[in-house]
Amino acid sequence: MQGAGKEGCRKGKVYIVGAGPGDPELLTLKAVRIIRSADVIVYDRLAPTDFIKREAKSDAELIYAGKAPGRHAMSQDEINKLLEEKACEGKLVARIHGGDPFLFGRGEEECIYLASRGISCEVVPGITSAIAGPELACIPPTSRLVASSVAIVPGREAAERKERRVYYGRIAKTVDTMIVLMGVGRLSEIVNELLEEGLDPSTPVAIVENASLPNQRVVVGRLANIVSKAREANVKPPAVIIVGKVVWLRDKICPETSR
Ligand code: SAH
């Protein structure tokens with residue numbers, strides 16, 4: 001690997017690209033242009049892999065940086081160093097994230113790391129699953145008479161963080177719509193906390209699994225029964241959880257969806 005400041009490092013460039021929730025039609029034109037022109041593509045588990053493989057230059061180097069069964073994911077440190085190494089070879093590097101790269105994506109950490117080494121880094125925003133997930137299930141995050149505010153929160157916090165930052169009860173009481181990413185594994189804890197904090201058990205909840213993909217599924221319930229409904233349906237990640245009255249608009253927006 002070459003050190004920062006070398007000629008190659010100045011010539012190379014890293015795009016931190018959001019690829020949307022999975023359906024390639026939800027990629028931006030800019031994301032597609034960069035995928036087609038990149039020398040190196042480093043992609044995540046939730047990126048549209050088939051599209052990337054089909055559209056990349058024939059001599060592009062494709063590197064998978066996500067988790068695979070029986071194999072460890074690359075650590076963030078390893079990814080940062082890989083991006084640095086490839087940029088310093090003078091390459092055009094596309095680092096592809098699912099959804100938006102700066103929303104629970106750690107793309108900002110990659111940019112900070114690269115920028116601190118003098119490597120050019122540019123973000124390409126993507127359609128986040130936090131918004132596309134609800135919308136593709138006919139649930140608007142806001143609606144004029146029903147919900148004026150939205151909070152997007154993680155279902156779990158970074159392991160290295162000591163103090164707690166996300167108090168679901170407080171958030172759900174002050175914000176009309178709460179959207180939870182990475183929350184499937186902790187659904188019952190989150191729901192219990194909301195009920196203990198005094199939220200109405202009849203508060204509507206929806207879970208959108210594999211949003212935008214052919215196997216998208218939606219489970220709708222209330223705080224009182226969503227845990228058992230999710231268990232019955234065997235909901236698995238990736239999924240977005242939506243808590244709030246906007247969930248009821250689903251039937252009005254898409255009357256053909258039967259619950
Ligand atoms: N940066 C991403 C989020 C990364 S965190 C974005 O903006 O979308 C990973 C979480 O995103 C998953 O646990 C899940 O909650 C959500 N997610 C990503 N893709 C999804 C999809 N197609 N359907 C439902 N949820 C998805």
# chains A, B, ... in the order shown; residues from 1 in each chain; ligands from 1
>>> select_by_dssp(residues="stretch 31-80 of chain A", states="strand (DSSP E or B)", output="tab-separated table (two decimals) with all heavy atoms, in the first residue's frame")
chain	number	residue	atom	x	y	z
A	40	VAL	N	-12.88	-0.27	-9.53
A	40	VAL	CA	-13.04	-1.19	-8.39
A	40	VAL	C	-14.40	-0.92	-7.77
A	40	VAL	O	-14.79	0.23	-7.58
A	40	VAL	CB	-11.95	-0.93	-7.31
A	40	VAL	CG1	-12.10	-1.90	-6.14
A	40	VAL	CG2	-10.55	-1.03	-7.91
A	41	ILE	N	-15.15	-2.00	-7.48
A	41	ILE	CA	-16.45	-1.84	-6.82
A	41	ILE	C	-16.43	-2.67	-5.54
A	41	ILE	O	-16.21	-3.88	-5.57
A	41	ILE	CB	-17.61	-2.30	-7.73
A	41	ILE	CG1	-17.60	-1.49	-9.04
A	41	ILE	CG2	-18.95	-2.16	-7.01
A	41	ILE	CD1	-18.74	-1.81	-9.99
A	42	VAL	N	-16.62	-1.99	-4.42
A	42	VAL	CA	-16.67	-2.67	-3.12
A	42	VAL	C	-18.12	-2.60	-2.67
A	42	VAL	O	-18.65	-1.51	-2.48
A	42	VAL	CB	-15.74	-1.96	-2.10
A	42	VAL	CG1	-15.78	-2.68	-0.76
A	42	VAL	CG2	-14.31	-1.88	-2.65
A	43	TYR	N	-18.78	-3.74	-2.53
A	43	TYR	CA	-20.23	-3.69	-2.30
A	43	TYR	C	-20.65	-4.49	-1.08
A	43	TYR	O	-19.98	-5.41	-0.64
A	43	TYR	CB	-20.99	-4.14	-3.54
A	43	TYR	CG	-20.72	-5.57	-3.97
A	43	TYR	CD1	-21.61	-6.60	-3.67
A	43	TYR	CD2	-19.56	-5.89	-4.69
A	43	TYR	CE1	-21.36	-7.90	-4.07
A	43	TYR	CE2	-19.31	-7.19	-5.07
A	43	TYR	CZ	-20.21	-8.19	-4.76
A	43	TYR	OH	-19.95	-9.49	-5.14
A	61	GLU	N	-12.75	-4.65	-10.90
A	61	GLU	CA	-12.52	-5.60	-9.81
A	61	GLU	C	-13.70	-5.47	-8.84
A	61	GLU	O	-13.96	-4.38	-8.31
A	61	GLU	CB	-11.20	-5.23	-9.12
A	61	GLU	CG	-10.76	-6.20	-8.08
A	61	GLU	CD	-9.48	-5.75	-7.37
A	61	GLU	OE1	-8.93	-4.69	-7.74
A	61	GLU	OE2	-9.05	-6.45	-6.46
A	62	LEU	N	-14.40	-6.58	-8.61
A	62	LEU	CA	-15.57	-6.55	-7.72
A	62	LEU	C	-15.21	-7.22	-6.40
A	62	LEU	O	-14.78	-8.37	-6.38
A	62	LEU	CB	-16.74	-7.29	-8.37
A	62	LEU	CG	-17.71	-6.45	-9.21
A	62	LEU	CD1	-16.99	-5.66	-10.27
A	62	LEU	CD2	-18.77	-7.34	-9.84
A	63	ILE	N	-15.38	-6.48	-5.31
A	63	ILE	CA	-14.98	-7.02	-4.00
A	63	ILE	C	-16.19	-6.97	-3.07
A	63	ILE	O	-16.78	-5.91	-2.84
A	63	ILE	CB	-13.82	-6.19	-3.39
A	63	ILE	CG1	-12.63	-6.17	-4.37
A	63	ILE	CG2	-13.41	-6.77	-2.04
A	63	ILE	CD1	-11.53	-5.19	-4.00
A	64	TYR	N	-16.55	-8.13	-2.54
A	64	TYR	CA	-17.69	-8.22	-1.62
A	64	TYR	C	-17.22	-7.93	-0.20
A	64	TYR	O	-16.27	-8.53	0.29
A	64	TYR	CB	-18.28	-9.63	-1.70
A	64	TYR	CG	-19.45	-9.83	-0.78
A	64	TYR	CD1	-20.64	-9.14	-0.99
A	64	TYR	CD2	-19.38	-10.71	0.29
A	64	TYR	CE1	-21.71	-9.32	-0.15
A	64	TYR	CE2	-20.45	-10.89	1.15
A	64	TYR	CZ	-21.61	-10.19	0.92
A	64	TYR	OH	-22.68	-10.35	1.76
A	68	ALA	N	-21.21	-13.20	4.77
A	68	ALA	CA	-21.65	-14.36	4.00
A	68	ALA	C	-21.73	-15.54	4.95
A	68	ALA	O	-21.01	-15.57	5.95
A	68	ALA	CB	-20.67	-14.65	2.88
A	71	ARG	N	-18.73	-17.09	6.76
A	71	ARG	CA	-17.55	-16.26	6.53
A	71	ARG	C	-17.72	-14.92	7.26
A	71	ARG	O	-18.83	-14.40	7.32
A	71	ARG	CB	-17.42	-15.99	5.02
A	71	ARG	CG	-15.98	-15.90	4.56
A	71	ARG	CD	-15.92	-15.47	3.13
A	71	ARG	NE	-16.33	-14.08	2.98
A	71	ARG	CZ	-16.52	-13.49	1.80
A	71	ARG	NH1	-16.37	-14.15	0.69
A	71	ARG	NH2	-16.88	-12.22	1.74
>>> residues_around(residues="stretch 77-89 of chain A", least_positions_apart="3", cutoff="7 Å", atoms="only C-alpha atoms", output="number ranges by chain")
A: 1-2, 8-9, 12-14, 74, 92-93, 110, 113-114
>>> residues_near_ligand(ligand="ligand 1", cutoff="9 Å", atoms="only C-alpha atoms and all ligand atoms", output="ChimeraX atom specification")
/A:18-23,46-47,97-107,126-134,154-155,180-184,207-213,216,237-241
>>> closest_residue(among="A:Asn234, A:Ser37, A:Ser188, A:Thr257", to="A:Tyr15", atoms="only C-alpha atoms")
A:Ser37
>>> closest_residue(among="A:Ala158, A:Leu187, A:Ala151, A:Trp248", to="A:Arg231", atoms="only C-alpha atoms")
A:Leu187
>>> select_by_dssp(residues="stretch 89-202 of chain A", states="helix (DSSP H, G or I)", output="ChimeraX atom specification")
/A:107-116,129-136,168-174,184-196
>>> write_last_selection(atoms="C-alpha atoms", output="PDB file, in the first residue's frame")
ATOM      1  CA  GLY A 107     -20.307   5.714   4.687  1.00  0.00           C
ATOM      2  CA  GLU A 108     -19.468   8.894   6.576  1.00  0.00           C
ATOM      3  CA  GLU A 109     -16.765   7.034   8.513  1.00  0.00           C
ATOM      4  CA  GLU A 110     -15.252   5.912   5.223  1.00  0.00           C
ATOM      5  CA  CYS A 111     -15.285   9.474   3.883  1.00  0.00           C
ATOM      6  CA  ILE A 112     -13.729  10.848   7.081  1.00  0.00           C
ATOM      7  CA  TYR A 113     -10.987   8.215   6.954  1.00  0.00           C
ATOM      8  CA  LEU A 114     -10.207   8.897   3.288  1.00  0.00           C
ATOM      9  CA  ALA A 115     -10.390  12.679   3.599  1.00  0.00           C
ATOM     10  CA  SER A 116      -7.955  12.584   6.537  1.00  0.00           C
ATOM     11  CA  SER A 129     -35.046   1.869   3.040  1.00  0.00           C
ATOM     12  CA  ALA A 130     -36.256   3.991   5.953  1.00  0.00           C
ATOM     13  CA  ILE A 131     -38.451   5.950   3.535  1.00  0.00           C
ATOM     14  CA  ALA A 132     -38.813   3.530   0.611  1.00  0.00           C
ATOM     15  CA  GLY A 133     -39.760   0.645   2.934  1.00  0.00           C
ATOM     16  CA  PRO A 134     -42.883   2.287   4.352  1.00  0.00           C
ATOM     17  CA  GLU A 135     -43.819   3.887   1.022  1.00  0.00           C
ATOM     18  CA  LEU A 136     -43.605   0.634  -0.935  1.00  0.00           C
ATOM     19  CA  TYR A 168     -38.026   4.292  22.146  1.00  0.00           C
ATOM     20  CA  GLY A 169     -40.794   5.330  24.544  1.00  0.00           C
ATOM     21  CA  ARG A 170     -39.710   8.957  24.671  1.00  0.00           C
ATOM     22  CA  ILE A 171     -39.329   9.093  20.908  1.00  0.00           C
ATOM     23  CA  ALA A 172     -42.666   7.463  20.112  1.00  0.00           C
ATOM     24  CA  LYS A 173     -44.424   9.834  22.488  1.00  0.00           C
ATOM     25  CA  THR A 174     -42.955  12.988  20.959  1.00  0.00           C
ATOM     26  CA  VAL A 184     -36.311  -7.326  13.713  1.00  0.00           C
ATOM     27  CA  GLY A 185     -34.108  -9.210  16.177  1.00  0.00           C
ATOM     28  CA  ARG A 186     -35.116  -6.849  18.984  1.00  0.00           C
ATOM     29  CA  LEU A 187     -38.800  -6.401  18.101  1.00  0.00           C
ATOM     30  CA  SER A 188     -40.181  -7.813  21.346  1.00  0.00           C
ATOM     31  CA  GLU A 189     -37.809  -5.722  23.521  1.00  0.00           C
ATOM     32  CA  ILE A 190     -38.715  -2.560  21.619  1.00  0.00           C
ATOM     33  CA  VAL A 191     -42.466  -3.263  21.768  1.00  0.00           C
ATOM     34  CA  ASN A 192     -42.280  -4.095  25.489  1.00  0.00           C
ATOM     35  CA  GLU A 193     -40.466  -0.858  26.150  1.00  0.00           C
ATOM     36  CA  LEU A 194     -43.097   1.118  24.254  1.00  0.00           C
ATOM     37  CA  LEU A 195     -45.903  -0.536  26.230  1.00  0.00           C
ATOM     38  CA  GLU A 196     -44.098  -0.040  29.552  1.00  0.00           C
TER      39      GLU A 196
END
>>> residues_around(residues="A:Leu249", least_positions_apart="4", cutoff="12 Å", atoms="only C-alpha atoms", output="ChimeraX atom specification")
/A:134-135,137-147,204-206,220,244-245,253-255,257
>>> write_last_selection(atoms="all heavy atoms", output="short mmCIF file (atom, residue, chain, number, x, y, z; two decimals), in the first residue's frame")
data_model
loop_
_atom_site.label_atom_id
_atom_site.label_comp_id
_atom_site.auth_asym_id
_atom_site.auth_seq_id
_atom_site.Cartn_x
_atom_site.Cartn_y
_atom_site.Cartn_z
N PRO A 134 -41.49 1.94 4.10
CA PRO A 134 -42.88 2.29 4.35
C PRO A 134 -43.65 2.62 3.08
O PRO A 134 -44.77 2.13 2.87
CB PRO A 134 -42.78 3.53 5.26
CG PRO A 134 -41.39 3.54 5.79
CD PRO A 134 -40.54 2.70 4.90
N GLU A 135 -43.06 3.42 2.20
CA GLU A 135 -43.82 3.89 1.02
C GLU A 135 -44.20 2.74 0.09
O GLU A 135 -45.29 2.73 -0.48
CB GLU A 135 -43.02 4.95 0.27
CG GLU A 135 -42.95 6.24 1.10
CD GLU A 135 -42.30 7.40 0.39
OE1 GLU A 135 -41.91 7.25 -0.78
OE2 GLU A 135 -42.17 8.46 1.02
N ALA A 137 -44.95 -0.05 0.96
CA ALA A 137 -46.05 -0.75 1.62
C ALA A 137 -47.26 0.17 1.75
O ALA A 137 -48.16 -0.07 2.56
CB ALA A 137 -45.61 -1.24 2.99
N CYS A 138 -47.25 1.25 0.96
CA CYS A 138 -48.37 2.20 0.94
C CYS A 138 -48.54 2.93 2.27
O CYS A 138 -49.66 3.26 2.67
CB CYS A 138 -49.68 1.52 0.54
SG CYS A 138 -49.54 0.64 -1.00
N ILE A 139 -47.43 3.15 2.99
CA ILE A 139 -47.47 3.87 4.26
C ILE A 139 -46.62 5.14 4.11
O ILE A 139 -45.40 5.05 3.96
CB ILE A 139 -46.93 2.99 5.41
CG1 ILE A 139 -47.77 1.72 5.55
CG2 ILE A 139 -46.87 3.78 6.72
CD1 ILE A 139 -47.15 0.67 6.44
N PRO A 140 -47.24 6.30 4.15
CA PRO A 140 -46.46 7.55 4.03
C PRO A 140 -45.83 7.89 5.39
O PRO A 140 -46.53 7.83 6.40
CB PRO A 140 -47.51 8.59 3.64
CG PRO A 140 -48.77 8.06 4.25
CD PRO A 140 -48.68 6.56 4.28
N PRO A 141 -44.56 8.26 5.43
CA PRO A 141 -43.96 8.62 6.72
C PRO A 141 -44.67 9.80 7.39
O PRO A 141 -44.82 9.83 8.60
CB PRO A 141 -42.51 8.97 6.36
CG PRO A 141 -42.25 8.21 5.10
CD PRO A 141 -43.55 8.21 4.36
N THR A 142 -45.11 10.77 6.58
CA THR A 142 -45.90 11.87 7.14
C THR A 142 -47.20 11.97 6.35
O THR A 142 -47.28 11.50 5.22
CB THR A 142 -45.19 13.25 6.99
OG1 THR A 142 -45.10 13.57 5.60
CG2 THR A 142 -43.81 13.26 7.61
N SER A 143 -48.19 12.59 6.97
CA SER A 143 -49.41 12.91 6.26
C SER A 143 -50.04 14.09 6.99
O SER A 143 -50.09 14.10 8.22
CB SER A 143 -50.36 11.71 6.23
OG SER A 143 -51.45 12.00 5.39
N ARG A 144 -50.52 15.05 6.22
CA ARG A 144 -50.86 16.37 6.77
C ARG A 144 -51.69 16.32 8.05
O ARG A 144 -51.35 16.96 9.02
CB ARG A 144 -51.57 17.19 5.69
CG ARG A 144 -51.50 18.68 5.88
CD ARG A 144 -51.95 19.40 4.65
NE ARG A 144 -53.25 18.93 4.20
CZ ARG A 144 -54.40 19.41 4.64
NH1 ARG A 144 -54.40 20.40 5.50
NH2 ARG A 144 -55.54 18.93 4.20
N LEU A 145 -52.73 15.52 8.08
CA LEU A 145 -53.60 15.54 9.25
C LEU A 145 -53.26 14.46 10.28
O LEU A 145 -53.81 14.43 11.37
CB LEU A 145 -55.07 15.39 8.81
CG LEU A 145 -55.57 16.49 7.87
CD1 LEU A 145 -56.99 16.21 7.42
CD2 LEU A 145 -55.47 17.87 8.53
N VAL A 146 -52.35 13.57 9.93
CA VAL A 146 -52.09 12.41 10.78
C VAL A 146 -50.72 12.45 11.44
O VAL A 146 -50.58 12.12 12.63
CB VAL A 146 -52.22 11.10 9.94
CG1 VAL A 146 -51.97 9.86 10.78
CG2 VAL A 146 -53.58 11.04 9.27
N ALA A 147 -49.70 12.85 10.69
CA ALA A 147 -48.34 12.80 11.23
C ALA A 147 -47.49 13.91 10.62
O ALA A 147 -47.36 14.00 9.41
CB ALA A 147 -47.71 11.44 10.92
N PRO A 204 -50.94 1.39 15.86
CA PRO A 204 -50.63 0.54 14.71
C PRO A 204 -49.13 0.40 14.44
O PRO A 204 -48.36 1.34 14.63
CB PRO A 204 -51.33 1.24 13.55
CG PRO A 204 -51.67 2.59 14.01
CD PRO A 204 -51.67 2.61 15.50
N VAL A 205 -48.76 -0.78 13.99
CA VAL A 205 -47.36 -1.09 13.67
C VAL A 205 -47.34 -1.88 12.36
O VAL A 205 -48.20 -2.74 12.13
CB VAL A 205 -46.70 -1.97 14.76
CG1 VAL A 205 -45.21 -2.19 14.46
CG2 VAL A 205 -46.87 -1.38 16.15
N ALA A 206 -46.38 -1.59 11.51
CA ALA A 206 -46.19 -2.40 10.29
C ALA A 206 -44.73 -2.81 10.19
O ALA A 206 -43.84 -2.10 10.66
CB ALA A 206 -46.60 -1.61 9.06
N VAL A 220 -48.91 -6.32 9.26
CA VAL A 220 -49.52 -5.16 9.92
C VAL A 220 -50.22 -5.63 11.19
O VAL A 220 -50.86 -6.68 11.21
CB VAL A 220 -50.54 -4.46 8.99
CG1 VAL A 220 -51.19 -3.28 9.70
CG2 VAL A 220 -49.86 -4.00 7.71
N GLY A 244 -46.95 4.00 14.29
CA GLY A 244 -47.68 5.26 14.25
C GLY A 244 -48.93 5.17 13.40
O GLY A 244 -49.12 4.22 12.62
N LYS A 245 -49.78 6.21 13.54
CA LYS A 245 -51.10 6.20 12.88
C LYS A 245 -51.03 6.13 11.36
O LYS A 245 -51.97 5.68 10.71
CB LYS A 245 -51.87 7.48 13.27
CG LYS A 245 -52.33 7.50 14.71
CD LYS A 245 -53.47 8.52 14.87
CE LYS A 245 -53.90 8.64 16.31
NZ LYS A 245 -52.99 9.55 17.06
N ILE A 253 -54.52 4.14 0.69
CA ILE A 253 -53.62 4.41 -0.45
C ILE A 253 -53.64 3.23 -1.42
O ILE A 253 -53.63 3.42 -2.63
CB ILE A 253 -52.19 4.71 0.06
CG1 ILE A 253 -52.21 6.04 0.81
CG2 ILE A 253 -51.18 4.74 -1.08
CD1 ILE A 253 -50.92 6.37 1.54
N CYS A 254 -53.66 2.05 -0.89
CA CYS A 254 -53.68 0.84 -1.74
C CYS A 254 -54.85 -0.04 -1.30
O CYS A 254 -54.65 -1.01 -0.57
CB CYS A 254 -52.37 0.06 -1.61
SG CYS A 254 -50.93 1.02 -2.08
N PRO A 255 -56.06 0.32 -1.70
CA PRO A 255 -57.24 -0.41 -1.22
C PRO A 255 -57.21 -1.89 -1.60
O PRO A 255 -57.87 -2.71 -0.96
CB PRO A 255 -58.42 0.29 -1.92
CG PRO A 255 -57.87 1.52 -2.50
CD PRO A 255 -56.40 1.37 -2.65
N THR A 257 -54.82 -3.93 -1.21
CA THR A 257 -54.05 -4.77 -0.29
C THR A 257 -54.98 -5.26 0.82
O THR A 257 -55.55 -4.47 1.56
CB THR A 257 -52.89 -4.01 0.36
OG1 THR A 257 -53.39 -2.84 0.95
CG2 THR A 257 -51.79 -3.68 -0.61
#
>>> decode(residues="stretch 65-91 of chain A", atoms="N, CA, C and O atoms", output="CSV table (one decimal), in the first residue's frame")
chain,number,residue,atom,x,y,z
A,65,ALA,N,-17.9,-7.0,0.5
A,65,ALA,CA,-17.4,-6.6,1.8
A,65,ALA,C,-18.5,-6.9,2.9
A,65,ALA,O,-18.4,-6.4,4.0
A,66,GLY,N,-19.5,-7.6,2.5
A,66,GLY,CA,-20.6,-7.9,3.5
A,66,GLY,C,-20.4,-9.3,4.1
A,66,GLY,O,-19.4,-10.0,3.9
A,67,LYS,N,-21.4,-9.6,4.9
A,67,LYS,CA,-21.3,-10.9,5.6
A,67,LYS,C,-21.8,-12.0,4.6
A,67,LYS,O,-22.6,-11.8,3.8
A,68,ALA,N,-21.2,-13.2,4.8
A,68,ALA,CA,-21.7,-14.4,4.0
A,68,ALA,C,-21.7,-15.5,5.0
A,68,ALA,O,-21.0,-15.6,5.9
A,69,PRO,N,-22.6,-16.5,4.7
A,69,PRO,CA,-22.7,-17.6,5.6
A,69,PRO,C,-21.4,-18.3,5.8
A,69,PRO,O,-20.7,-18.6,4.8
A,70,GLY,N,-21.0,-18.5,7.0
A,70,GLY,CA,-19.8,-19.2,7.3
A,70,GLY,C,-18.5,-18.4,7.1
A,70,GLY,O,-17.4,-18.9,7.1
A,71,ARG,N,-18.7,-17.1,6.8
A,71,ARG,CA,-17.6,-16.3,6.5
A,71,ARG,C,-17.7,-14.9,7.3
A,71,ARG,O,-18.8,-14.4,7.3
A,72,HIS,N,-16.6,-14.4,7.8
A,72,HIS,CA,-16.7,-13.1,8.5
A,72,HIS,C,-16.8,-12.0,7.5
A,72,HIS,O,-16.2,-12.0,6.4
A,73,ALA,N,-17.6,-11.0,7.9
A,73,ALA,CA,-17.6,-9.8,7.1
A,73,ALA,C,-16.3,-9.1,7.3
A,73,ALA,O,-15.6,-9.3,8.2
A,74,MET,N,-15.9,-8.2,6.3
A,74,MET,CA,-14.7,-7.4,6.5
A,74,MET,C,-15.0,-6.4,7.6
A,74,MET,O,-16.1,-5.9,7.7
A,75,SER,N,-14.0,-6.1,8.4
A,75,SER,CA,-14.2,-5.1,9.5
A,75,SER,C,-14.2,-3.8,8.8
A,75,SER,O,-13.7,-3.6,7.7
A,76,GLN,N,-14.7,-2.8,9.5
A,76,GLN,CA,-14.8,-1.4,8.9
A,76,GLN,C,-13.4,-0.9,8.7
A,76,GLN,O,-13.1,-0.3,7.7
A,77,ASP,N,-12.4,-1.3,9.6
A,77,ASP,CA,-11.0,-0.9,9.4
A,77,ASP,C,-10.5,-1.5,8.1
A,77,ASP,O,-9.8,-0.8,7.4
A,78,GLU,N,-10.8,-2.8,7.9
A,78,GLU,CA,-10.3,-3.4,6.6
A,78,GLU,C,-10.9,-2.8,5.4
A,78,GLU,O,-10.2,-2.6,4.4
A,79,ILE,N,-12.2,-2.4,5.5
A,79,ILE,CA,-12.8,-1.7,4.3
A,79,ILE,C,-12.1,-0.4,4.1
A,79,ILE,O,-11.8,-0.1,3.0
A,80,ASN,N,-11.9,0.4,5.2
A,80,ASN,CA,-11.3,1.7,5.0
A,80,ASN,C,-9.9,1.5,4.3
A,80,ASN,O,-9.6,2.3,3.4
A,81,LYS,N,-9.2,0.6,4.8
A,81,LYS,CA,-7.8,0.4,4.3
A,81,LYS,C,-7.9,-0.1,2.8
A,81,LYS,O,-7.0,0.3,2.0
A,82,LEU,N,-8.8,-0.9,2.5
A,82,LEU,CA,-9.0,-1.4,1.1
A,82,LEU,C,-9.3,-0.2,0.2
A,82,LEU,O,-8.7,-0.1,-0.9
A,83,LEU,N,-10.2,0.7,0.6
A,83,LEU,CA,-10.6,1.8,-0.2
A,83,LEU,C,-9.4,2.7,-0.4
A,83,LEU,O,-9.1,3.2,-1.5
A,84,GLU,N,-8.6,2.9,0.7
A,84,GLU,CA,-7.4,3.7,0.6
A,84,GLU,C,-6.4,3.1,-0.4
A,84,GLU,O,-5.9,3.8,-1.3
A,85,GLU,N,-6.2,1.8,-0.3
A,85,GLU,CA,-5.2,1.1,-1.1
A,85,GLU,C,-5.6,1.2,-2.6
A,85,GLU,O,-4.8,1.6,-3.4
A,86,LYS,N,-6.9,1.0,-2.9
A,86,LYS,CA,-7.3,1.1,-4.3
A,86,LYS,C,-7.2,2.5,-4.8
A,86,LYS,O,-6.8,2.7,-6.0
A,87,ALA,N,-7.6,3.5,-4.0
A,87,ALA,CA,-7.6,4.9,-4.5
A,87,ALA,C,-6.1,5.3,-4.7
A,87,ALA,O,-5.8,6.0,-5.7
A,88,CYS,N,-5.2,4.8,-3.9
A,88,CYS,CA,-3.8,5.1,-4.0
A,88,CYS,C,-3.1,4.4,-5.2
A,88,CYS,O,-2.0,4.8,-5.6
A,89,GLU,N,-3.8,3.4,-5.8
A,89,GLU,CA,-3.4,2.9,-7.1
A,89,GLU,C,-3.9,3.7,-8.2
A,89,GLU,O,-3.8,3.4,-9.4
A,90,GLY,N,-4.5,4.8,-7.9
A,90,GLY,CA,-5.0,5.8,-8.9
A,90,GLY,C,-6.4,5.3,-9.5
A,90,GLY,O,-6.8,5.8,-10.5
A,91,LYS,N,-7.0,4.4,-8.8
A,91,LYS,CA,-8.3,3.9,-9.3
A,91,LYS,C,-9.5,4.7,-9.0
A,91,LYS,O,-9.5,5.4,-8.0
